[in-house]
Amino acid sequence: MTPGVGYAIASLAFGIAKSMLIFCKLGMVLSINRVLALAIGVILSFASISSLSPIAAIASPINSPPVLTEDSNSLPACINTDCDCSDFQYQEDAQAVFDLESGDSHHLDGNPPNGKACDNLPSHSKVVAIPIVSPTDSDHLVLGNPTFATSDINNPNNYLIQEEEYALSYNRDKGIPNWVSWQLNQTWLGSVERQNDFRPNNALPPEWYRVKPSDYADTNYDKGHLTPSSDRTLSISDNSATFLMTNMIPQSPANNREVWRELEDYSRDLVAEGKSLYIIAGGSGEKERISDGKISVPEKTWKVIVVVDSPNFDIEKITKDSQVIAVLMPNSEAVRQTSWQDYCVSVDTVEEVTGYDFLSHIPKSIQNQIESKVNCVKQ
Ligand code: MN
Ligand code: MN
C-alpha cells in the first residue's frame with residue numbers, strides 16, 4: 001500500500017466520522033431524518049476526499065489527519081484548508097467559523113464587512129419554521145399539505161398518496177380523495193391521447209375496498225377527474241395515472257362537462273400564455289352515497305389555483321398581488337348554463353367550508369392577502 005493510498009483511506013475514515021458528527025447535530029437541530037443526515041455526511045466526506053489530488057496527498061505525509069476534539073466536532077472539514085460560503089448550508093454554521101477565527105482568515109464576511117458571515121445563506125430558524133411533511137415531498141406539495149395527510153395505514157381517511165403526476169389525500173370510508181394537488185405548466189403537456197384506462201388503485205392497502213369504474217355505473221354521476229386527463233399529456237404513463245379511481249369523485253354531468261371543464265380549459269389557456277399553475281381540488285359535504293354506500297357524493301366541488309407569471313413555478317415568485325382563483329360550485333344540474341366565474345370565492349371561504357389549510361407554505365403575510373381576495377380576473 002502506498003503512503004498516498006494509506007493517507008487517503010485515513011482521511012476518508014476521518015472525513016466520514018467528522019461529517020457524520022456534524023450532520024447528526026444538524027439533523028437534531030432541524031428534526032430532519034437522522035438517516036438522511038448521515039447519508040449527506042457520508043456523501044460530503046467522499047466529495048471532499050475526491051477533491052484531494054493524489055500528488056498533494058503523497059507530497060504531504062506529515063499532514064496526518066487532525067485528532068477530533070470537542071471544539072472541532074461541530075466545524076466543517078474546510079476549516080483545515082480554506083472555507084468559503086459554499087462550504088456551509090446555513091448562515092449560523094458560517095458564523096461559528098467566522099467567530100472562531102480572528103481576522104476573518106477564511107474571508108467569510110462580505111464587502112463591505114459587517115461582522116456577519118455569508119449573509120446570503122438561509123438561517124436555521126427560517127428552515128425549521130417550514131413544516132416538514134415528509135423528506136420526499138413532491139413538487140405537488142410545495143405549497144403545503146392541506147390536511148397533513150400521511151401515508152400511514154392507520155390514517156385511512158387522510159391517507160397520503162404521492163404519484164409522480166400529483167399528490168392526494170385519500171378517504172377510505174368515502175371512497176374518494178379529500179383533495180388532489182398538482183402543478184400545471186408546459187412541461188406536463190404534449191400530444192398523448194386520452195388513455196381512458198379507468199381502474200382501481202392497486203397501491204391501496206390490500207384490506208381496503210378499492211373503488212372500481214363499474215361502481216359508478218347506473219348512477220347519475222360521471223367518473224369526474226380531479227387532475228384532468230388533459231393536464232397530463234406528455235407521456236402515456238402520465239396520462240394513464242389520471243385514470244386511477246383514487247383521482248375521481250362522482251360529479252354531476254353539468255358540473256363535470258360544463259363549468260368544471262371550462263375552468264380546466266381556462267387553466268390550460270393560462271399555461272399557453274406562459275404561466276405556471278399550482279392547483280388543489282376536491283369535494284365538500286355529502287349529498288348522498290352510491291354503490292351500496294361505498295362512495296360519497298360531495299355536495300359541492302371546489303378548486304384553488306395559484307397562478308405564477310412565469311413558465312417555471314417557484315414559490316418565491318408568489319406575491320400578495322399574484323392571481324389566485326378559487327371556486328365553490330354545486331355538484332348538481334343547477335350549474336347548467338352558468339359560467340365558472342359565477343362561483344368565484346376567496347380561498348378563505350374554501351378553507352372555512354372544508355376545514356383545510358391551503359397554501360400553508362407561503363409566508364403568512366402573503367398567504368393572508370391572497371386568501372382573502374375574490375380574484376378570478378387578474379387586476
Ligand atoms: Mn372532468
Ligand atoms: Mn391557508
# chains A, B, ... in the order shown; residues from 1 in each chain; ligands from 1
>>> residues_around(residues="Tyr209 (chain A)", least_positions_apart="6", cutoff="9 Å", atoms="only C-alpha atoms", output="MDAnalysis selection string")
chainID A and resid 172:173 175 294
>>> residues_near_ligand(ligand="ligand 1", cutoff="6 Å", atoms="only C-alpha atoms and all ligand atoms", output="PyMOL selection string")
chain A and resi 224-225+256+261
>>> select_by_dssp(residues="region 170-252 of chain A", states="alpha helix (DSSP H)", output="list of chain:residue names")
A:Ile236, A:Ser237, A:Asp238, A:Asn239, A:Ser240, A:Ala241
>>> closest_atom_pairs(of="chain A", to="ligand 2", cutoff="7 Å", atoms="only C-alpha atoms and all ligand atoms", output="Markdown table")
| residue | atom | partner | partner_atom_place_in_ligand_line | distance |
| --- | --- | --- | --- | --- |
| A:Asp357 | CA | ligand 2 | 1 (Mn) | 4.4 |
| A:Phe358 | CA | ligand 2 | 1 (Mn) | 4.0 |
| A:Leu359 | CA | ligand 2 | 1 (Mn) | 4.8 |
| A:Ser360 | CA | ligand 2 | 1 (Mn) | 4.9 |
| A:Gln367 | CA | ligand 2 | 1 (Mn) | 6.2 |
| A:Glu371 | CA | ligand 2 | 1 (Mn) | 6.8 |
>>> residues_around(residues="region 140-154 of chain A", least_positions_apart="5", cutoff="7 Å", atoms="only C-alpha atoms", output="VMD selection string")
chain A and resid 159 to 161 166 to 167 169 181 to 183 356 to 362
>>> closest_residue(among="A:Glu163, A:Asp231, A:Glu273, A:Glu288", to="Pro250 (chain A)", atoms="only C-alpha atoms")
A:Glu288
>>> closest_residue(among="A:Ser252, A:Glu351, A:Ser214, A:Gln195", to="Ser237 (chain A)", atoms="only C-alpha atoms")
A:Gln195
>>> closest_residue(among="A:Val97, A:Lys212, A:Trp340, A:Val324", to="Ala77 (chain A)", atoms="only C-alpha atoms")
A:Val97
>>> residues_around(residues="Gln337 (chain A)", least_positions_apart="5", cutoff="9 Å", atoms="only C-alpha atoms", output="ChimeraX atom specification")
/A:254,258-259
>>> write_last_selection(atoms="C-alpha atoms", output="PDB file, in the first residue's frame")
ATOM      1  CA  ALA A 254     -73.486  19.511 -15.780  1.00  0.00           C
ATOM      2  CA  GLU A 258     -69.650  22.268 -18.389  1.00  0.00           C
ATOM      3  CA  VAL A 259     -68.457  24.706 -15.695  1.00  0.00           C
TER       4      VAL A 259
END
>>> residues_around(residues="Phe88 (chain A)", least_positions_apart="6", cutoff="9 Å", atoms="only C-alpha atoms", output="VMD selection string")
chain A and resid 76 94 118 121
>>> write_last_selection(atoms="C-alpha atoms", output="CSV table (one decimal), in the first residue's frame")
chain,number,residue,atom,x,y,z
A,76,PRO,CA,-16.7,21.6,8.8
A,94,ALA,CA,-20.5,30.0,8.7
A,118,CYS,CA,-22.2,34.7,4.5
A,121,LEU,CA,-27.2,31.7,3.3
>>> closest_residue(among="A:Ser339, A:Asn247, A:Asn111, A:Asn80", to="Val327 (chain A)", atoms="only C-alpha atoms")
A:Ser339
>>> residues_around(residues="Asp222 (chain A)", least_positions_apart="2", cutoff="12 Å", atoms="only C-alpha atoms", output="ChimeraX atom specification")
/A:198,213-220,224-226,245,248-257,290,297,331-332
>>> write_last_selection(atoms="C-alpha atoms", output="mmCIF file, in the first residue's frame")
data_model
loop_
_atom_site.group_PDB
_atom_site.id
_atom_site.type_symbol
_atom_site.label_atom_id
_atom_site.label_comp_id
_atom_site.auth_asym_id
_atom_site.auth_seq_id
_atom_site.Cartn_x
_atom_site.Cartn_y
_atom_site.Cartn_z
ATOM 1 C CA PHE A 198 -60.138 3.831 -15.610
ATOM 2 C CA PRO A 213 -65.070 2.000 -12.523
ATOM 3 C CA SER A 214 -68.216 -0.134 -12.501
ATOM 4 C CA ASP A 215 -69.144 1.285 -9.077
ATOM 5 C CA TYR A 216 -70.171 4.450 -10.928
ATOM 6 C CA ALA A 217 -72.272 2.574 -13.484
ATOM 7 C CA ASP A 218 -76.036 3.139 -13.315
ATOM 8 C CA THR A 219 -75.640 6.216 -11.117
ATOM 9 C CA ASN A 220 -76.422 9.780 -12.080
ATOM 10 C CA GLY A 224 -65.006 13.003 -12.526
ATOM 11 C CA HIS A 225 -61.255 13.512 -12.732
ATOM 12 C CA LEU A 226 -59.694 15.887 -10.233
ATOM 13 C CA MET A 245 -60.098 5.707 -9.412
ATOM 14 C CA MET A 248 -62.081 10.504 -9.174
ATOM 15 C CA ILE A 249 -65.134 11.886 -7.456
ATOM 16 C CA PRO A 250 -68.758 11.375 -8.547
ATOM 17 C CA GLN A 251 -69.547 14.567 -10.441
ATOM 18 C CA SER A 252 -72.902 15.643 -11.798
ATOM 19 C CA PRO A 253 -72.749 15.764 -15.608
ATOM 20 C CA ALA A 254 -73.486 19.511 -15.780
ATOM 21 C CA ASN A 255 -70.701 20.241 -13.311
ATOM 22 C CA ASN A 256 -68.136 17.909 -14.881
ATOM 23 C CA ARG A 257 -68.859 18.560 -18.531
ATOM 24 C CA ILE A 290 -73.780 5.483 -4.293
ATOM 25 C CA VAL A 297 -71.091 12.111 -3.457
ATOM 26 C CA ASN A 331 -72.289 19.311 -7.656
ATOM 27 C CA SER A 332 -75.649 19.252 -9.387
#
